[in-house]
file data_2.pdb (PDB, C-alpha atoms and all ligand atoms)
ATOM      1  CA  MET Y1161      48.384 -52.023  73.106
ATOM      2  CA  LEU Y1162      47.254 -52.432  76.706
ATOM      3  CA  GLN Y1163      43.862 -53.643  75.478
ATOM      4  CA  PHE Y1164      45.574 -56.248  73.279
ATOM      5  CA  PHE Y1165      47.704 -57.436  76.238
ATOM      6  CA  VAL Y1166      44.677 -57.750  78.522
ATOM      7  CA  LEU Y1167      42.723 -59.596  75.824
ATOM      8  CA  THR Y1168      45.603 -62.005  75.188
ATOM      9  CA  CYS Y1169      45.948 -62.717  78.916
ATOM     10  CA  PHE Y1170      42.198 -63.346  79.103
ATOM     11  CA  VAL Y1171      42.249 -65.776  76.171
ATOM     12  CA  VAL Y1172      45.326 -67.624  77.489
ATOM     13  CA  THR Y1173      43.726 -67.911  80.942
ATOM     14  CA  GLN Y1174      40.532 -69.276  79.417
ATOM     15  CA  VAL Y1175      42.419 -71.870  77.377
ATOM     16  CA  THR Y1176      44.532 -72.889  80.377
ATOM     17  CA  PHE Y1177      41.500 -73.353  82.598
ATOM     18  CA  ALA Y1178      39.379 -74.986  79.910
ATOM     19  CA  SER Y1179      41.659 -78.007  79.576
ATOM     20  CA  SER Y1180      43.133 -79.935  82.513
ATOM     21  CA  ASN Y1181      46.482 -81.673  82.430
ATOM     22  CA  PHE Y1182      45.202 -84.852  84.038
ATOM     23  CA  CYS Y1183      47.270 -87.295  81.956
ATOM     24  CA  ILE Y1184      51.038 -87.706  82.211
ATOM     25  CA  ASN Y1185      51.400 -86.381  78.665
ATOM     26  CA  GLY Y1186      50.176 -83.032  80.038
ATOM     27  CA  GLU Y1187      46.839 -83.288  78.233
ATOM     28  CA  SER Y1188      43.320 -83.724  79.522
ATOM     29  CA  LEU Y1189      41.775 -87.156  79.132
ATOM     30  CA  GLU Y1190      39.356 -85.675  76.590
ATOM     31  CA  HIS Y1191      42.245 -84.353  74.458
ATOM     32  CA  THR Y1192      44.095 -87.643  74.750
ATOM     33  CA  TRP Y1193      40.992 -89.401  73.414
ATOM     34  CA  LEU Y1194      40.430 -86.849  70.647
ATOM     35  CA  ASN Y1195      44.072 -86.921  69.502
ATOM     36  CA  TYR Y1196      44.206 -90.728  69.302
ATOM     37  CA  ASN Y1197      44.856 -91.943  65.808
ATOM     38  CA  GLU Y1198      46.193 -95.477  66.075
ATOM     39  CA  GLN Y1199      45.286 -98.924  64.880
ATOM     40  CA  TYR Y1200      43.051-100.324  67.616
ATOM     41  CA  LEU Y1201      39.527 -98.952  67.504
ATOM     42  CA  PHE Y1202      38.310 -96.790  70.376
ATOM     43  CA  ASP Y1203      34.549 -96.272  70.506
ATOM     44  CA  HIS Y1204      33.409 -94.178  73.473
ATOM     45  CA  TRP Y1205      31.164 -91.354  74.706
ATOM     46  CA  LEU Y1206      33.236 -88.173  75.000
ATOM     47  CA  GLY Y1207      31.388 -86.861  78.056
ATOM     48  CA  TYR Y1208      32.799 -89.741  80.140
ATOM     49  CA  ALA Y1209      36.284 -88.168  80.077
ATOM     50  CA  ASP Y1210      35.453 -85.362  82.525
ATOM     51  CA  HIS Y1211      33.717 -87.771  84.909
ATOM     52  CA  TYR Y1212      36.743 -90.026  84.889
ATOM     53  CA  GLU Y1213      38.997 -87.082  85.702
ATOM     54  CA  ALA Y1214      36.755 -86.188  88.631
ATOM     55  CA  HIS Y1215      36.892 -89.636  90.240
ATOM     56  CA  LEU Y1216      39.994 -91.560  89.171
ATOM     57  CA  PRO Y1217      43.355 -91.226  90.896
ATOM     58  CA  ARG Y1218      45.611 -88.776  89.077
ATOM     59  CA  PRO Y1219      48.573 -90.369  87.341
ATOM     60  CA  THR Y1220      51.974 -89.449  88.712
ATOM     61  CA  SER Y1221      55.480 -90.237  87.569
ATOM     62  CA  LYS Y1222      56.006 -92.534  90.568
ATOM     63  CA  LYS Y1223      56.584 -95.845  88.829
ATOM     64  CA  LYS Y1224      57.052 -97.544  92.180
ATOM     65  CA  GLN Y1225      53.451 -96.810  93.116
ATOM     66  CA  PRO Y1226      51.601 -98.774  90.453
ATOM     67  CA  ILE Y1227      47.983 -98.017  89.703
ATOM     68  CA  ARG Y1228      46.234-101.306  89.046
ATOM     69  CA  MET Y1229      43.293-101.129  86.697
ATOM     70  CA  LEU Y1230      40.908-103.896  85.634
ATOM     71  CA  GLU Y1231      38.830-103.152  82.570
ATOM     72  CA  ILE Y1232      36.025-105.595  81.870
ATOM     73  CA  GLY Y1233      35.399-105.425  78.112
ATOM     74  CA  VAL Y1234      38.436-104.994  75.857
ATOM     75  CA  GLN Y1235      36.951-105.457  72.391
ATOM     76  CA  SER Y1236      39.226-103.966  69.695
ATOM     77  CA  GLY Y1237      41.679-102.598  72.287
ATOM     78  CA  GLY Y1238      41.471 -98.816  71.819
ATOM     79  CA  SER Y1239      40.736 -98.147  75.489
ATOM     80  CA  VAL Y1240      43.752-100.266  76.548
ATOM     81  CA  ARG Y1241      46.060 -98.020  74.516
ATOM     82  CA  LEU Y1242      44.401 -94.858  75.753
ATOM     83  CA  TRP Y1243      44.567 -95.721  79.464
ATOM     84  CA  LYS Y1244      48.232 -96.527  78.906
ATOM     85  CA  LYS Y1245      48.807 -93.171  77.189
ATOM     86  CA  CYS Y1246      47.185 -91.339  80.074
ATOM     87  CA  TYR Y1247      48.753 -93.223  83.009
ATOM     88  CA  GLY Y1248      52.040 -94.306  81.425
ATOM     89  CA  GLU Y1249      54.363 -96.750  83.156
ATOM     90  CA  GLN Y1250      52.548 -96.399  86.447
ATOM     91  CA  LEU Y1251      49.593 -98.311  85.019
ATOM     92  CA  HIS Y1252      49.381-102.067  85.495
ATOM     93  CA  PHE Y1253      46.481-102.902  83.223
ATOM     94  CA  THR Y1254      44.386-106.073  83.196
ATOM     95  CA  GLY Y1255      41.760-106.462  80.481
ATOM     96  CA  LEU Y1256      39.050-109.122  80.819
ATOM     97  CA  ASP Y1257      36.885-110.296  77.941
ATOM     98  CA  ILE Y1258      35.066-113.388  76.695
ATOM     99  CA  ASP Y1259      36.493-112.874  73.233
ATOM    100  CA  ASN Y1260      39.741-114.749  72.678
ATOM    101  CA  ARG Y1261      40.830-112.266  69.981
ATOM    102  CA  CYS Y1262      41.422-109.645  72.679
ATOM    103  CA  LYS Y1263      44.639-111.477  73.593
ATOM    104  CA  ARG Y1264      46.356-109.487  70.828
ATOM    105  CA  MET Y1265      46.557-106.536  73.228
ATOM    106  CA  LYS Y1266      48.815-108.422  75.694
ATOM    107  CA  ASN Y1267      52.153-106.731  76.318
ATOM    108  CA  LYS Y1268      54.190-107.986  79.252
ATOM    109  CA  LYS Y1269      56.826-105.245  78.948
ATOM    110  CA  GLU Y1270      54.125-102.607  79.294
ATOM    111  CA  ASN Y1271      52.371-104.468  82.126
ATOM    112  CA  ILE Y1272      49.300-105.146  80.002
ATOM    113  CA  HIS Y1273      47.653-108.470  80.835
ATOM    114  CA  ILE Y1274      44.635-109.892  79.042
ATOM    115  CA  VAL Y1275      42.504-112.622  80.615
ATOM    116  CA  ILE Y1276      39.767-114.514  78.813
ATOM    117  CA  GLY Y1277      36.568-115.522  80.631
ATOM    118  CA  SER Y1278      33.149-114.267  81.622
ATOM    119  CA  GLN Y1279      32.477-111.490  84.089
ATOM    120  CA  THR Y1280      29.678-113.652  85.515
ATOM    121  CA  ASN Y1281      32.077-116.465  86.426
ATOM    122  CA  THR Y1282      32.783-115.523  90.028
ATOM    123  CA  SER Y1283      35.513-118.101  90.652
ATOM    124  CA  PHE Y1284      37.313-116.849  87.534
ATOM    125  CA  LEU Y1285      37.008-113.290  88.853
ATOM    126  CA  SER Y1286      38.558-114.365  92.180
ATOM    127  CA  GLN Y1287      41.505-115.916  90.345
ATOM    128  CA  VAL Y1288      42.014-112.716  88.325
ATOM    129  CA  CYS Y1289      41.966-110.660  91.542
ATOM    130  CA  GLU Y1290      44.427-113.005  93.279
ATOM    131  CA  LYS Y1291      46.825-112.794  90.355
ATOM    132  CA  TYR Y1292      46.583-109.142  89.292
ATOM    133  CA  GLY Y1293      44.767-107.301  92.087
ATOM    134  CA  PRO Y1294      43.836-105.747  94.372
ATOM    135  CA  PHE Y1295      42.754-103.032  91.956
ATOM    136  CA  ASP Y1296      42.674 -99.275  92.394
ATOM    137  CA  ILE Y1297      40.238 -98.934  89.504
ATOM    138  CA  VAL Y1298      37.709-101.389  88.083
ATOM    139  CA  ILE Y1299      35.743-100.408  84.979
ATOM    140  CA  ASP Y1300      32.800-102.546  83.941
ATOM    141  CA  ASP Y1301      32.454-101.938  80.208
ATOM    142  CA  GLY Y1302      31.570-105.559  79.461
ATOM    143  CA  GLY Y1303      28.298-107.199  78.496
ATOM    144  CA  HIS Y1304      26.181-104.424  80.062
ATOM    145  CA  THR Y1305      23.203-106.510  81.160
ATOM    146  CA  ALA Y1306      21.764-105.809  84.601
ATOM    147  CA  HIS Y1307      22.480-109.399  85.594
ATOM    148  CA  MET Y1308      26.156-109.131  84.579
ATOM    149  CA  ILE Y1309      26.600-105.772  86.299
ATOM    150  CA  ARG Y1310      25.068-107.051  89.568
ATOM    151  CA  THR Y1311      26.910-110.379  89.558
ATOM    152  CA  THR Y1312      30.308-108.768  88.956
ATOM    153  CA  MET Y1313      29.741-106.083  91.573
ATOM    154  CA  ALA Y1314      28.597-108.603  94.180
ATOM    155  CA  ALA Y1315      31.759-110.635  93.588
ATOM    156  CA  MET Y1316      34.252-107.779  93.453
ATOM    157  CA  LEU Y1317      33.138-105.059  95.862
ATOM    158  CA  PRO Y1318      33.324-107.006  99.143
ATOM    159  CA  SER Y1319      36.597-108.676  98.259
ATOM    160  CA  GLU Y1320      39.823-107.273  99.648
ATOM    161  CA  ALA Y1321      41.654-109.341  97.054
ATOM    162  CA  CYS Y1322      39.770-107.477  94.307
ATOM    163  CA  MET Y1323      39.358-103.890  95.506
ATOM    164  CA  ARG Y1324      41.947-101.873  97.390
ATOM    165  CA  GLU Y1325      40.723-100.201 100.538
ATOM    166  CA  LYS Y1326      40.612 -96.847  98.728
ATOM    167  CA  SER Y1327      39.517 -97.577  95.179
ATOM    168  CA  VAL Y1328      36.951 -96.758  92.495
ATOM    169  CA  TYR Y1329      34.465 -99.064  90.777
ATOM    170  CA  VAL Y1330      32.909 -97.732  87.578
ATOM    171  CA  VAL Y1331      29.950 -98.992  85.558
ATOM    172  CA  GLU Y1332      29.847 -97.619  82.012
ATOM    173  CA  ASP Y1333      26.989 -97.417  79.524
ATOM    174  CA  THR Y1334      24.101 -97.915  81.941
ATOM    175  CA  HIS Y1335      21.810 -96.558  79.196
ATOM    176  CA  THR Y1336      21.967-100.010  77.555
ATOM    177  CA  MET Y1337      19.568-101.186  80.286
ATOM    178  CA  SER Y1338      16.886 -98.991  78.759
ATOM    179  CA  LYS Y1339      16.686-101.675  76.056
ATOM    180  CA  CYS Y1340      14.240-103.790  77.932
ATOM    181  CA  ASN Y1341      11.710-105.265  75.558
ATOM    182  CA  ASP Y1342      13.278-106.361  72.333
ATOM    183  CA  GLU Y1343      14.997-109.654  71.565
ATOM    184  CA  LYS Y1344      18.345-108.584  72.992
ATOM    185  CA  SER Y1345      17.241-107.217  76.316
ATOM    186  CA  TYR Y1346      19.784-105.754  78.724
ATOM    187  CA  CYS Y1347      17.553-105.716  81.761
ATOM    188  CA  GLY Y1348      15.359-107.969  83.861
ATOM    189  CA  ASP Y1349      13.113-105.079  84.759
ATOM    190  CA  PRO Y1350      12.944-101.488  83.436
ATOM    191  CA  THR Y1351      13.804-100.192  86.907
ATOM    192  CA  ASP Y1352      17.220-101.944  86.925
ATOM    193  CA  ILE Y1353      18.839 -98.792  85.589
ATOM    194  CA  SER Y1354      18.064 -96.969  88.819
ATOM    195  CA  SER Y1355      17.812 -99.842  91.279
ATOM    196  CA  ILE Y1356      21.451-100.834  90.712
ATOM    197  CA  PRO Y1357      22.914 -97.575  92.079
ATOM    198  CA  CYS Y1358      20.016 -97.183  94.527
ATOM    199  CA  ASP Y1359      20.872-100.527  96.131
ATOM    200  CA  ALA Y1360      24.103 -98.940  97.340
ATOM    201  CA  PHE Y1361      22.317 -95.815  98.556
ATOM    202  CA  LEU Y1362      19.833 -97.953 100.466
ATOM    203  CA  GLN Y1363      22.651 -99.994 101.953
ATOM    204  CA  GLN Y1364      24.368 -96.816 103.101
ATOM    205  CA  HIS Y1365      21.315 -96.219 105.299
ATOM    206  CA  SER Y1366      21.205 -99.713 106.767
ATOM    207  CA  GLN Y1367      22.463 -98.583 110.183
ATOM    208  CA  TRP Y1368      19.614 -96.031 110.364
ATOM    209  CA  PHE Y1369      17.029 -98.663 109.511
ATOM    210  CA  SER Y1370      18.478-101.022 112.094
ATOM    211  CA  ILE Y1371      18.042 -98.338 114.775
ATOM    212  CA  SER Y1372      14.585 -97.078 113.739
ATOM    213  CA  ASN Y1373      12.978-100.193 112.437
ATOM    214  CA  PRO Y1374      14.930-103.406 113.061
ATOM    215  CA  ALA Y1375      11.921-105.521 112.080
ATOM    216  CA  LEU Y1376      12.013-104.111 108.550
ATOM    217  CA  HIS Y1377      14.102-106.439 106.419
ATOM    218  CA  LEU Y1378      14.172-104.050 103.486
ATOM    219  CA  VAL Y1379      17.780-103.148 104.163
ATOM    220  CA  LYS Y1380      19.953-106.087 105.015
ATOM    221  CA  GLU Y1381      23.520-104.879 104.966
ATOM    222  CA  THR Y1382      25.470-106.621 102.244
ATOM    223  CA  ALA Y1383      29.139-107.415 102.637
ATOM    224  CA  TRP Y1384      30.124-104.489 100.429
ATOM    225  CA  ALA Y1385      27.833-101.821 101.885
ATOM    226  CA  ALA Y1386      30.307-100.945 104.591
ATOM    227  CA  ARG Y1387      33.003-100.175 102.027
ATOM    228  CA  VAL Y1388      31.085 -97.826  99.719
ATOM    229  CA  VAL Y1389      31.698 -94.268 100.859
ATOM    230  CA  SER Y1390      29.908 -92.535  97.985
ATOM    231  CA  VAL Y1391      27.962 -93.205  94.799
ATOM    232  CA  HIS Y1392      28.087 -90.706  91.921
ATOM    233  CA  LEU Y1393      25.553 -90.844  89.118
ATOM    234  CA  TYR Y1394      25.883 -89.400  85.622
ATOM    235  CA  ASP Y1395      24.062 -90.006  82.381
ATOM    236  CA  SER Y1396      25.176 -93.574  81.585
ATOM    237  CA  MET Y1397      27.820 -93.902  84.305
ATOM    238  CA  ILE Y1398      28.012 -94.894  87.962
ATOM    239  CA  PHE Y1399      31.072 -94.341  90.161
ATOM    240  CA  TYR Y1400      31.318 -96.162  93.499
ATOM    241  CA  GLU Y1401      34.073 -94.765  95.684
ATOM    242  CA  LEU Y1402      35.393 -97.217  98.257
ATOM    243  CA  GLY Y1403      37.158 -96.217 101.427
ATOM    244  CA  THR Y1404      36.885 -96.152 105.179
ATOM    245  CA  LYS Y1405      33.769 -94.537 106.509
ATOM    246  CA  SER Y1406      34.359 -92.054 109.282
ATOM    247  CA  GLU Y1407      31.974 -91.998 112.207
ATOM    248  CA  ASN Y1408      29.167 -89.517 111.638
ATOM    249  CA  LYS Y1409      28.548 -87.524 114.832
ATOM    250  CA  ARG Y1410      25.563 -85.295 115.403
ATOM    251  CA  ILE Y1411      26.492 -81.898 116.821
ATOM    252  CA  THR Y1412      24.346 -79.291 118.536
ATOM    253  CA  LYS Y1413      25.786 -75.859 119.241
ATOM    254  CA  GLY Y1414      24.285 -72.569 120.390
ATOM    255  CA  TRP Y1415      21.624 -72.045 123.074
ATOM    256  CA  ASP Y1416      18.545 -70.379 121.574
ATOM    257  CA  SER Y1417      16.230 -73.141 120.343
ATOM    258  CA  PHE Y1418      12.561 -73.748 119.616
ATOM    259  CA  SER Y1419      10.848 -76.774 121.076
ATOM    260  CA  ASN Y1420      10.520 -79.520 118.519
ATOM    261  CA  ILE Y1421       7.217 -79.472 116.655
ATOM    262  CA  GLU Y1422       8.420 -82.062 114.113
ATOM    263  CA  GLU Y1423       6.307 -84.853 115.542
ATOM    264  CA  LYS Y1424       3.054 -82.892 115.432
ATOM    265  CA  VAL Y1425       3.718 -81.809 111.865
ATOM    266  CA  GLN Y1426       4.541 -85.366 110.804
ATOM    267  CA  GLN Y1427       1.426 -86.688 112.461
ATOM    268  CA  SER Y1428      -0.825 -84.260 110.606
ATOM    269  CA  GLU Y1429       1.062 -84.752 107.312
ATOM    270  CA  TYR Y1430       0.584 -88.487 107.361
ATOM    271  CA  THR Y1431      -3.037 -88.263 108.432
ATOM    272  CA  MET Y1432      -3.603 -85.895 105.496
ATOM    273  CA  GLN Y1433      -1.838 -88.239 103.087
ATOM    274  CA  ARG Y1434      -3.878 -91.171 104.217
ATOM    275  CA  LYS Y1435      -7.061 -89.149 103.658
ATOM    276  CA  VAL Y1436      -5.982 -88.080 100.195
ATOM    277  CA  HIS Y1437      -4.757 -91.458  98.984
ATOM    278  CA  ALA Y1438      -7.339 -93.711 100.532
ATOM    279  CA  HIS Y1439     -10.103 -94.981  98.301
ATOM    280  CA  PRO Y1440     -13.459 -93.526  99.500
ATOM    281  CA  LYS Y1441     -14.702 -96.992 100.426
ATOM    282  CA  GLU Y1442     -11.562 -97.714 102.413
ATOM    283  CA  THR Y1443     -11.407 -94.364 104.215
ATOM    284  CA  SER Y1444     -13.467 -95.460 107.183
ATOM    285  CA  LYS Y1445     -11.299 -98.538 107.595
ATOM    286  CA  LEU Y1446      -8.038 -96.597 107.462
ATOM    287  CA  LEU Y1447      -8.918 -93.740 109.738
ATOM    288  CA  VAL Y1448     -10.293 -95.650 112.676
TER
HETATM  289  C1  LIG Y1501      31.658-102.160  74.893
HETATM  290  S1  LIG Y1501      32.832-103.363  74.459
HETATM  291  C2  LIG Y1501      34.280-102.832  75.289
HETATM  292  C3  LIG Y1501      34.890-101.628  74.684
HETATM  293  C4  LIG Y1501      36.245-101.229  75.190
HETATM  294  N1  LIG Y1501      36.290-101.081  76.634
HETATM  295  C5  LIG Y1501      36.637 -99.896  74.564
HETATM  296  O1  LIG Y1501      36.333 -98.859  75.147
HETATM  297  O2  LIG Y1501      37.226 -99.884  73.495
HETATM  298  C6  LIG Y1501      32.201-104.727  75.329
HETATM  299  C7  LIG Y1501      33.093-105.962  75.410
HETATM  300  O3  LIG Y1501      32.579-106.778  76.451
HETATM  301  C8  LIG Y1501      32.770-108.123  76.114
HETATM  302  N2  LIG Y1501      31.824-108.976  76.870
HETATM  303  C9  LIG Y1501      30.500-109.220  76.607
HETATM  304  N3  LIG Y1501      30.004-110.068  77.518
HETATM  305  C10 LIG Y1501      31.001-110.353  78.386
HETATM  306  C11 LIG Y1501      31.105-111.179  79.543
HETATM  307  N4  LIG Y1501      30.064-111.894  80.001
HETATM  308  N5  LIG Y1501      32.288-111.234  80.184
HETATM  309  C12 LIG Y1501      33.349-110.531  79.749
HETATM  310  N6  LIG Y1501      33.316-109.733  78.652
HETATM  311  C13 LIG Y1501      32.161-109.643  77.984
HETATM  312  C14 LIG Y1501      32.562-108.174  74.614
HETATM  313  O4  LIG Y1501      33.227-109.302  74.052
HETATM  314  C15 LIG Y1501      33.136-106.837  74.166
HETATM  315  O5  LIG Y1501      34.462-106.997  73.715
END

call {"tool": "encode", "arguments": {"input": "data_2.pdb", "output": "structure tokens", "more": "lines below"}}
Ligand SMILES: C[S@@+](CC[C@H](N)C(=O)[O-])C[C@H]1O[C@@H](n2cnc3c(N)ncnc32)[C@H](O)[C@@H]1O
result
Amino acid sequence: MLQFFVLTCFVVTQVTFASSNFCINGESLEHTWLNYNEQYLFDHWLGYADHYEAHLPRPTSKKKQPIRMLEIGVQSGGSVRLWKKCYGEQLHFTGLDIDNRCKRMKNKKENIHIVIGSQTNTSFLSQVCEKYGPFDIVIDDGGHTAHMIRTTMAAMLPSEACMREKSVYVVEDTHTMSKCNDEKSYCGDPTDISSIPCDAFLQQHSQWFSISNPALHLVKETAWAARVVSVHLYDSMIFYELGTKSENKRITKGWDSFSNIEEKVQQSEYTMQRKVHAHPKETSKLLV
């Protein structure tokens, strides 16, 4: 009997911990997606659900604190319904698409707005932000080309009218950029898939470059660099978390220290590298 009780407790604990209750319906986002069985098609990658839970604000029952979401790419409308199921009345949803048919998802009573236009039209984006923003969450699930992703980010991230001070910007389906050679190419260069998130990482180091090597113009701080606190990378997804950066102070504590041999080590490392990499004919030139 005792064994049965212990086993039951173990199983119940496992089930409880295995599924979160992220959504207001008490279910995890993954369960909400899996249990969906309504008219408007939802076509997604299941693994995204956990990443969303890790980075999006948790829905609450506080209707007076709306969560404003912009989803670029509405298509058949399944994701509109599912975000609404998860966030409930708190969600003020704006869907943006080039396809006029997406207007069918409009529902003023439910605070669902649909706007028609291209994500590469930056003045259109500004109008959308002025009218429905600033957003707590922006999801780019639109045309998925590197050009579209970059253009939309460059327009939205620096703008206080578009992104709230503490907000999340998500790029979905980055794997599409691996389609680089055929007729419908999603990238300008095969490295776009990594250079898009790396741009932000590089920008985050701009202050270090400006101290160590101001002549190097590799890292010119963009208007949005100062707002991106962290970048999270997953298979096919990027999350940019925006917020206020706190000052990063170096601390030294304790009293027993070695003298710094870093410089000597670096010197010999780089001399070695130059020897190894240099073409035999060029060695004499390089090592003078
Ligand atoms: C992947 S689907 C969106 C799927 C939807 N979020 C869902 O989960 O059900 C991509 C959508 O992006 C739209 N789209 C393509 N290019 C666009 C552009 N330049 N601007 C805005 N939307 C675009 C397409 O019309 C299509 O409806």

call {"tool": "closest_residue", "arguments": {"input": "data_2.pdb", "among": "Y:Tyr1346, Y:Phe1202, Y:Phe1295, Y:Phe1361", "to": "ligand LIG 1501 (chain Y)", "atoms": "all atoms listed in the file"}}
result
Y:Phe1202

call {"tool": "closest_residue", "arguments": {"input": "data_2.pdb", "among": "Y:Asn1185, Y:Ala1214, Y:Asn1195, Y:Asp1257", "to": "ligand LIG 1501 (chain Y)", "atoms": "all atoms listed in the file"}}
result
Y:Asp1257

call {"tool": "residues_near_ligand", "arguments": {"input": "data_2.pdb", "ligand": "ligand LIG 1501 (chain Y)", "cutoff": "7 Å", "atoms": "only C-alpha atoms and all ligand atoms", "output": "list in words"}}
result
Leu1201, Phe1202, Asp1203, His1204, Glu1231, Ile1232, Gly1233, Val1234, Gln1235, Ser1236, Gly1237, Gly1238, Ser1239, Leu1256, Asp1257, Ile1258, Asp1259, Gly1277, Ser1278, Gln1279, Thr1280, Asp1301, Gly1302, Gly1303 and Met1308 of chain Y

call {"tool": "residues_around", "arguments": {"input": "data_2.pdb", "residues": "Val1298 of chain Y", "least_positions_apart": "3", "cutoff": "9 Å", "atoms": "all atoms listed in the file", "output": "NGL selection string"}}
result
:Y and (1228-1232 or 1295 or 1322-1323 or 1327-1331)

call {"tool": "resolve_selection", "arguments": {"input": "data_2.pdb", "expression": "the PyMOL selection byres (((chain Y and resi 1383-1400) around 7) and not hetatm)", "output": "PDB file with C-alpha atoms, in the frame of the given file"}}
result
ATOM      1  CA  LEU Y1317      33.138-105.059  95.862  1.00  0.00           C
ATOM      2  CA  PRO Y1318      33.324-107.006  99.143  1.00  0.00           C
ATOM      3  CA  VAL Y1328      36.951 -96.758  92.495  1.00  0.00           C
ATOM      4  CA  TYR Y1329      34.465 -99.064  90.777  1.00  0.00           C
ATOM      5  CA  VAL Y1330      32.909 -97.732  87.578  1.00  0.00           C
ATOM      6  CA  VAL Y1331      29.950 -98.992  85.558  1.00  0.00           C
ATOM      7  CA  GLU Y1332      29.847 -97.619  82.012  1.00  0.00           C
ATOM      8  CA  ASP Y1333      26.989 -97.417  79.524  1.00  0.00           C
ATOM      9  CA  THR Y1334      24.101 -97.915  81.941  1.00  0.00           C
ATOM     10  CA  HIS Y1335      21.810 -96.558  79.196  1.00  0.00           C
ATOM     11  CA  ALA Y1360      24.103 -98.940  97.340  1.00  0.00           C
ATOM     12  CA  GLN Y1363      22.651 -99.994 101.953  1.00  0.00           C
ATOM     13  CA  GLN Y1364      24.368 -96.816 103.101  1.00  0.00           C
ATOM     14  CA  GLU Y1381      23.520-104.879 104.966  1.00  0.00           C
ATOM     15  CA  THR Y1382      25.470-106.621 102.244  1.00  0.00           C
ATOM     16  CA  GLU Y1401      34.073 -94.765  95.684  1.00  0.00           C
ATOM     17  CA  LEU Y1402      35.393 -97.217  98.257  1.00  0.00           C
ATOM     18  CA  GLY Y1403      37.158 -96.217 101.427  1.00  0.00           C
ATOM     19  CA  THR Y1404      36.885 -96.152 105.179  1.00  0.00           C
ATOM     20  CA  LYS Y1405      33.769 -94.537 106.509  1.00  0.00           C
TER      21      LYS Y1405
END

call {"tool": "closest_residue", "arguments": {"input": "data_2.pdb", "among": "Y:Trp1193, Y:Phe1182, Y:Trp1205, Y:Tyr1200", "to": "Met1265 of chain Y", "atoms": "all atoms listed in the file"}}
result
Y:Tyr1200

call {"tool": "closest_residue", "arguments": {"input": "data_2.pdb", "among": "Y:Cys1347, Y:Cys1262, Y:Ile1227, Y:Met1316", "to": "Val1288 of chain Y", "atoms": "all atoms listed in the file"}}
result
Y:Met1316

call {"tool": "residues_near_point", "arguments": {"input": "data_2.pdb", "point": "(16.6, -97.7, 79.1)", "cutoff": "10 Å", "atoms": "all atoms listed in the file", "output": "PyMOL selection string"}}
result
chain Y and resi 1334-1341+1345-1347+1349-1354+1396

call {"tool": "atom_distance", "arguments": {"input": "data_2.pdb", "atom1": "atom CA of Glu1198 of chain Y", "atom2": "atom CA of Arg1241 of chain Y"}}
result
8.8 Å

call {"tool": "atom_distance", "arguments": {"input": "data_2.pdb", "atom1": "atom CA of Glu1290 of chain Y", "atom2": "atom CA of Ala1321 of chain Y"}}
result
5.9 Å

call {"tool": "atom_distance", "arguments": {"input": "data_2.pdb", "atom1": "atom CA of Ser1355 of chain Y", "atom2": "atom CA of Ser1370 of chain Y"}}
result
20.9 Å

call {"tool": "axis_aligned_box", "arguments": {"input": "data_2.pdb", "around": "segment 1237-1242 of chain Y", "padding_each_side": "5 Å", "output": "AutoDock Vina command-line options"}}
result
--center_x 43.4 --center_y -98.7 --center_z 74.2 --size_x 15.3 --size_y 17.7 --size_z 14.7

call {"tool": "resolve_selection", "arguments": {"input": "data_2.pdb", "expression": "the PyMOL selection byres (((chain Y and resi 1220) around 12) and not hetatm)", "output": "PyMOL selection string"}}
result
chain Y and resi 1181-1186+1217-1219+1221-1227+1246-1251

call {"tool": "resolve_selection", "arguments": {"input": "data_2.pdb", "expression": "the PyMOL selection byres (((chain Y and resi 1254) around 6) and not hetatm)", "output": "tab-separated table (two decimals) with C-alpha atoms, in the frame of the given file"}}
result
chain	number	residue	atom	x	y	z
Y	1230	LEU	CA	40.91	-103.90	85.63
Y	1253	PHE	CA	46.48	-102.90	83.22
Y	1255	GLY	CA	41.76	-106.46	80.48
Y	1272	ILE	CA	49.30	-105.15	80.00
Y	1273	HIS	CA	47.65	-108.47	80.83
Y	1274	ILE	CA	44.64	-109.89	79.04
